[in-house]
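Q: Pasting final.cif here (mmCIF, C-alpha atoms):
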data_upload
loop_
_atom_site.group_PDB
_atom_site.id
_atom_site.type_symbol
_atom_site.label_atom_id
_atom_site.label_comp_id
_atom_site.auth_asym_id
_atom_site.auth_seq_id
_atom_site.Cartn_x
_atom_site.Cartn_y
_atom_site.Cartn_z
ATOM 1 C CA GLN A 1 31.899 74.064 0.535
ATOM 2 C CA VAL A 2 29.378 74.444 3.315
ATOM 3 C CA GLN A 3 29.643 72.859 6.760
ATOM 4 C CA LEU A 4 26.459 71.953 8.640
ATOM 5 C CA VAL A 5 25.953 71.398 12.364
ATOM 6 C CA GLU A 6 22.636 70.225 13.816
ATOM 7 C CA SER A 7 21.454 70.931 17.335
ATOM 8 C CA GLY A 8 18.275 70.752 19.375
ATOM 9 C CA GLY A 9 17.780 67.024 19.669
ATOM 10 C CA GLY A 10 17.014 65.290 22.932
ATOM 11 C CA LEU A 11 14.569 63.173 24.877
ATOM 12 C CA VAL A 12 10.905 64.158 24.871
ATOM 13 C CA GLN A 13 7.643 62.486 25.811
ATOM 14 C CA ALA A 14 5.093 61.548 23.193
ATOM 15 C CA GLY A 15 3.000 64.566 22.272
ATOM 16 C CA GLY A 16 5.833 66.963 22.993
ATOM 17 C CA SER A 17 7.795 69.265 20.718
ATOM 18 C CA LEU A 18 11.374 69.904 19.701
ATOM 19 C CA ARG A 19 12.998 72.384 17.360
ATOM 20 C CA LEU A 20 16.058 71.329 15.454
ATOM 21 C CA SER A 21 18.524 73.859 14.097
ATOM 22 C CA CYS A 22 21.049 73.447 11.316
ATOM 23 C CA ALA A 23 23.775 76.075 11.403
ATOM 24 C CA ALA A 24 25.833 76.592 8.288
ATOM 25 C CA SER A 25 29.357 77.912 7.883
ATOM 26 C CA GLY A 26 31.680 78.332 4.960
ATOM 27 C CA ARG A 27 29.000 79.377 2.495
ATOM 28 C CA THR A 28 25.712 81.244 2.550
ATOM 29 C CA LEU A 29 22.837 78.870 3.217
ATOM 30 C CA SER A 30 20.548 80.835 0.908
ATOM 31 C CA SER A 31 22.550 79.405 -2.009
ATOM 32 C CA TYR A 32 21.263 75.870 -1.345
ATOM 33 C CA TYR A 33 18.028 73.947 -1.214
ATOM 34 C CA MET A 34 17.890 72.199 2.161
ATOM 35 C CA GLY A 35 16.585 68.896 3.400
ATOM 36 C CA TRP A 36 15.992 67.048 6.648
ATOM 37 C CA PHE A 37 16.308 63.287 6.851
ATOM 38 C CA ARG A 38 16.211 60.777 9.676
ATOM 39 C CA GLN A 39 17.554 57.317 10.284
ATOM 40 C CA GLY A 40 16.231 54.974 12.925
ATOM 41 C CA PRO A 41 18.061 51.877 14.214
ATOM 42 C CA GLY A 42 18.346 49.299 11.459
ATOM 43 C CA LYS A 43 16.480 51.485 8.994
ATOM 44 C CA GLU A 44 17.385 53.354 5.834
ATOM 45 C CA ARG A 45 17.713 57.121 5.852
ATOM 46 C CA GLU A 46 14.232 58.580 5.369
ATOM 47 C CA PHE A 47 13.097 61.881 3.883
ATOM 48 C CA VAL A 48 11.471 64.198 6.428
ATOM 49 C CA ALA A 49 11.226 67.649 4.873
ATOM 50 C CA ALA A 50 12.774 69.956 2.313
ATOM 51 C CA ILE A 51 12.741 73.632 1.470
ATOM 52 C CA SER A 52 13.802 75.270 -1.764
ATOM 53 C CA ARG A 53 15.816 78.445 -2.134
ATOM 54 C CA SER A 54 12.591 80.332 -2.795
ATOM 55 C CA GLY A 55 10.798 78.811 0.215
ATOM 56 C CA ASP A 56 8.775 75.995 -1.355
ATOM 57 C CA MET A 57 8.353 73.163 1.142
ATOM 58 C CA ALA A 58 7.710 69.432 1.060
ATOM 59 C CA TYR A 59 7.162 66.820 3.769
ATOM 60 C CA GLY A 60 7.252 63.103 4.193
ATOM 61 C CA ASP A 61 3.849 61.527 4.635
ATOM 62 C CA SER A 62 4.572 60.408 8.189
ATOM 63 C CA VAL A 63 5.322 63.943 9.421
ATOM 64 C CA LYS A 64 2.948 66.033 7.337
ATOM 65 C CA GLY A 65 0.854 68.310 9.524
ATOM 66 C CA ARG A 66 3.161 67.877 12.523
ATOM 67 C CA PHE A 67 6.564 69.153 11.334
ATOM 68 C CA THR A 68 7.419 72.524 9.801
ATOM 69 C CA VAL A 69 10.592 73.310 7.902
ATOM 70 C CA SER A 70 11.889 76.859 7.551
ATOM 71 C CA ARG A 71 15.033 78.780 6.888
ATOM 72 C CA ASP A 72 16.464 81.948 8.402
ATOM 73 C CA ASN A 73 18.865 83.222 5.796
ATOM 74 C CA ALA A 74 19.908 86.157 7.976
ATOM 75 C CA LYS A 75 21.163 83.692 10.599
ATOM 76 C CA ASN A 76 22.410 81.196 8.017
ATOM 77 C CA THR A 77 20.262 78.533 9.683
ATOM 78 C CA ALA A 78 17.649 75.970 8.707
ATOM 79 C CA LEU A 79 15.011 74.886 11.218
ATOM 80 C CA LEU A 80 12.732 71.916 11.754
ATOM 81 C CA GLN A 81 9.878 72.439 14.200
ATOM 82 C CA MET A 82 8.530 69.088 15.363
ATOM 83 C CA ASN A 83 5.198 68.949 17.169
ATOM 84 C CA SER A 84 2.993 66.101 18.369
ATOM 85 C CA LEU A 85 5.983 63.801 18.470
ATOM 86 C CA LYS A 86 5.452 60.050 18.449
ATOM 87 C CA PRO A 87 7.736 57.203 19.553
ATOM 88 C CA GLU A 88 8.148 56.242 15.892
ATOM 89 C CA ASP A 89 9.803 59.630 15.291
ATOM 90 C CA THR A 90 12.796 58.385 17.284
ATOM 91 C CA ALA A 91 15.866 58.595 15.039
ATOM 92 C CA VAL A 92 19.035 60.481 14.277
ATOM 93 C CA TYR A 93 18.045 63.581 12.332
ATOM 94 C CA TYR A 94 20.300 65.021 9.657
ATOM 95 C CA CYS A 95 20.186 68.278 7.758
ATOM 96 C CA ALA A 96 21.581 68.416 4.261
ATOM 97 C CA ALA A 97 22.325 70.968 1.576
ATOM 98 C CA GLY A 98 21.912 70.350 -2.108
ATOM 99 C CA SER A 99 23.721 71.625 -5.147
ATOM 100 C CA PRO A 100 24.023 75.426 -5.416
ATOM 101 C CA TYR A 101 23.377 75.153 -9.151
ATOM 102 C CA TYR A 102 19.651 74.658 -8.632
ATOM 103 C CA THR A 103 17.718 77.860 -8.182
ATOM 104 C CA GLY A 104 14.194 78.913 -7.366
ATOM 105 C CA SER A 105 11.657 76.307 -6.374
ATOM 106 C CA PHE A 106 13.753 73.142 -6.735
ATOM 107 C CA TYR A 107 14.030 70.711 -3.840
ATOM 108 C CA SER A 108 14.489 66.974 -3.584
ATOM 109 C CA ARG A 109 13.246 64.051 -1.483
ATOM 110 C CA SER A 110 16.217 61.902 -2.470
ATOM 111 C CA VAL A 111 19.310 61.349 -0.331
ATOM 112 C CA SER A 112 21.460 61.204 -3.443
ATOM 113 C CA ASP A 113 20.549 64.776 -4.449
ATOM 114 C CA TYR A 114 22.259 66.283 -1.411
ATOM 115 C CA ASP A 115 25.951 67.078 -1.389
ATOM 116 C CA TYR A 116 26.602 68.218 2.184
ATOM 117 C CA TRP A 117 25.492 66.638 5.448
ATOM 118 C CA GLY A 118 25.633 67.444 9.119
ATOM 119 C CA GLN A 119 26.720 64.940 11.754
ATOM 120 C CA GLY A 120 23.190 64.328 12.994
ATOM 121 C CA THR A 121 21.337 64.916 16.243
ATOM 122 C CA GLN A 122 19.519 62.230 18.228
ATOM 123 C CA VAL A 123 15.793 62.588 18.866
ATOM 124 C CA THR A 124 14.223 60.121 21.266
ATOM 125 C CA VAL A 125 10.487 60.109 21.939
ATOM 126 C CA SER A 126 9.283 58.082 24.909
ATOM 127 C CA ALA A 127 5.821 56.569 25.074
#
For the file at hand, write its structure as structure tokens.
A:
Amino acid sequence: QVQLVESGGGLVQAGGSLRLSCAASGRTLSSYYMGWFRQGPGKEREFVAAISRSGDMAYGDSVKGRFTVSRDNAKNTALLQMNSLKPEDTAVYYCAAGSPYYTGSFYSRSVSDYDYWGQGTQVTVSA
């Protein structure tokens, strides 16, 4: 199994930037496709971004052009760079790892396709 711990959240003004990190332990992160999701108060968990084992990326429509997902396999870490933040980006952000049986360019936008989750990190964007 892989354990995931997010960090980098906080309070930022609208237009600002944050970089979230997802540190993995227990297994090599390069063995998994990775995803970022967020959940605002009273809302369902929402897809933010994903990256396949081979580096293919996908983004939710609301963050496209502002957020960038990446992975540093040498550091066993996934990253989410968030720029031009808006108040509606306020949420708890989660990183997740999918099944190690999928190789290459596979990734998923669905919560149910991820097997391992971090505890989440709060991002608050003030107007």
Q: Name the closest residue to Thr124 in chain A among the candidates A:Ala50, A:Val92, A:Val2, A:Val111; distances are taken between atoms, counting only C-alpha atoms.
A: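 Checking each of A:Ala50, A:Val92, A:Val2, A:Val111 against Thr124 in chain A, counting only C-alpha atoms, the winner is A:Val92.
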Q: Run the PyMOL selection byres ((chain A and resi 41) around 12) against the file shown and list the residues it catches, as a ChimeraX atom specification.
A: /A:38-40,42-46,88-93,122-124
Q: Let me know the residues the PyMOL selection byres ((chain A and resi 112-117) around 7) catches in the file above, as a VMD selection string.
A: chain A and resid 2 4 94 to 99 108 110 to 111 118 to 119
Q: If we count all atoms listed in the file and set the cut-off at 10 Å, which residues sit around Met82 in chain A, ignoring sequence neighbours fewer than 3 positions away in its own chain? Please answer as a list in words.
A: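 Contacts, with the query itself left out: Gly15, Gly16, Ser17, Leu18, Arg19, Leu20, Val63, Gly65, Arg66, Phe67, Thr68, Val69, Leu79, Leu85 and Asp89 of chain A.
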Q: Please determine, counting only C-alpha atoms, which residue among A:Ser70, A:Ser84, A:Val125, A:Ser62 has the shortest atom-to-atom distance to Gly35 in chain A.
A: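 Of A:Ser70, A:Ser84, A:Val125, A:Ser62, the one nearest Gly35 in chain A is A:Ser70, counting only C-alpha atoms.
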Q: Which residue, A:Ser30, A:Asn76, A:Tyr107, A:Tyr101, has the smallest gap to Val5 in chain A when you use only C-alpha atoms?
A: A:Asn76
Q: For Ala58 in chain A, which residue out of A:Gln3, A:Pro87, A:Ser31, A:Trp36 is the nearest one, using all atoms listed in the file?
A: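 That would be A:Trp36, the residue with the smallest distance to Ala58 in chain A.
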Q: What is the CA of Arg53 in chain A-CA of Phe106 in chain A distance in Å, reported with one decimal?
A: 7.3 Å
Q: How many Å lie between CA of Ala127 in chain A and CA of Tyr59 in chain A, rounded to one decimal?
A: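 Going from CA of Ala127 in chain A over to CA of Tyr59 in chain A covers 23.7 Å.
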Q: Provide the CA of Ser7 in chain A to CA of Ser105 in chain A distance in Å, to one decimal place.
A: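 Spanning CA of Ser7 in chain A to CA of Ser105 in chain A is a straight-line distance of 26.2 Å.
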Q: Written as a PyMOL selection string, which residues does the PyMOL selection byres ((chain A and resi 78) around 7) give for the file shown?
A: chain A and resi 21-23+70-72+77+79
Q: Taking the point (8.8, 63.7, 0.5) as given in the file, collect each protein or nucleic acid residue that comes within 7 Å of it, counting all atoms listed in the file, and present the set as a list of chain:residue names.
A: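 Within the cut-off we find A:Phe47, A:Val48, A:Ala49, A:Ala58, A:Tyr59, A:Gly60, A:Asp61, A:Arg109.
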Q: Tell me which of A:Thr103, A:Lys86, A:Leu80, A:Asp56 sits closest to Gly9 in chain A, counting only C-alpha atoms.
A: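 That would be A:Leu80, the residue with the smallest distance to Gly9 in chain A.
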Q: Taking the partial coordinates given, rebuild range 25-36 of chain A to contain N, CA and C atoms; return it as a compact mmCIF listing (two decimals), in the coordinates of the input.
A:
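Saved the output as part.txt:
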# COMPACT_ATOMS: atom_id res chain seq x y z
N SER A 25 28.16 77.08 7.95
CA SER A 25 29.36 77.91 7.88
C SER A 25 30.09 77.60 6.59
N GLY A 26 30.91 78.53 6.17
CA GLY A 26 31.68 78.33 4.96
C GLY A 26 31.05 78.93 3.73
N ARG A 27 29.74 78.82 3.63
CA ARG A 27 29.00 79.38 2.50
C ARG A 27 27.66 79.88 3.00
N THR A 28 27.02 80.70 2.20
CA THR A 28 25.71 81.24 2.55
C THR A 28 24.64 80.20 2.30
N LEU A 29 23.85 79.93 3.32
CA LEU A 29 22.84 78.87 3.22
C LEU A 29 21.76 79.19 2.17
N SER A 30 21.56 80.45 1.89
CA SER A 30 20.55 80.83 0.91
C SER A 30 20.90 80.35 -0.50
N SER A 31 22.12 79.90 -0.70
CA SER A 31 22.55 79.40 -2.01
C SER A 31 22.14 77.95 -2.26
N TYR A 32 21.54 77.30 -1.25
CA TYR A 32 21.26 75.87 -1.34
C TYR A 32 19.80 75.56 -1.05
N TYR A 33 19.26 74.54 -1.73
CA TYR A 33 18.03 73.95 -1.21
C TYR A 33 18.44 73.04 -0.07
N MET A 34 17.56 72.91 0.92
CA MET A 34 17.89 72.20 2.16
C MET A 34 16.92 71.04 2.39
N GLY A 35 17.44 70.02 3.06
CA GLY A 35 16.58 68.90 3.40
C GLY A 35 16.86 68.41 4.81
N TRP A 36 15.86 67.76 5.38
CA TRP A 36 15.99 67.05 6.65
C TRP A 36 15.67 65.58 6.40
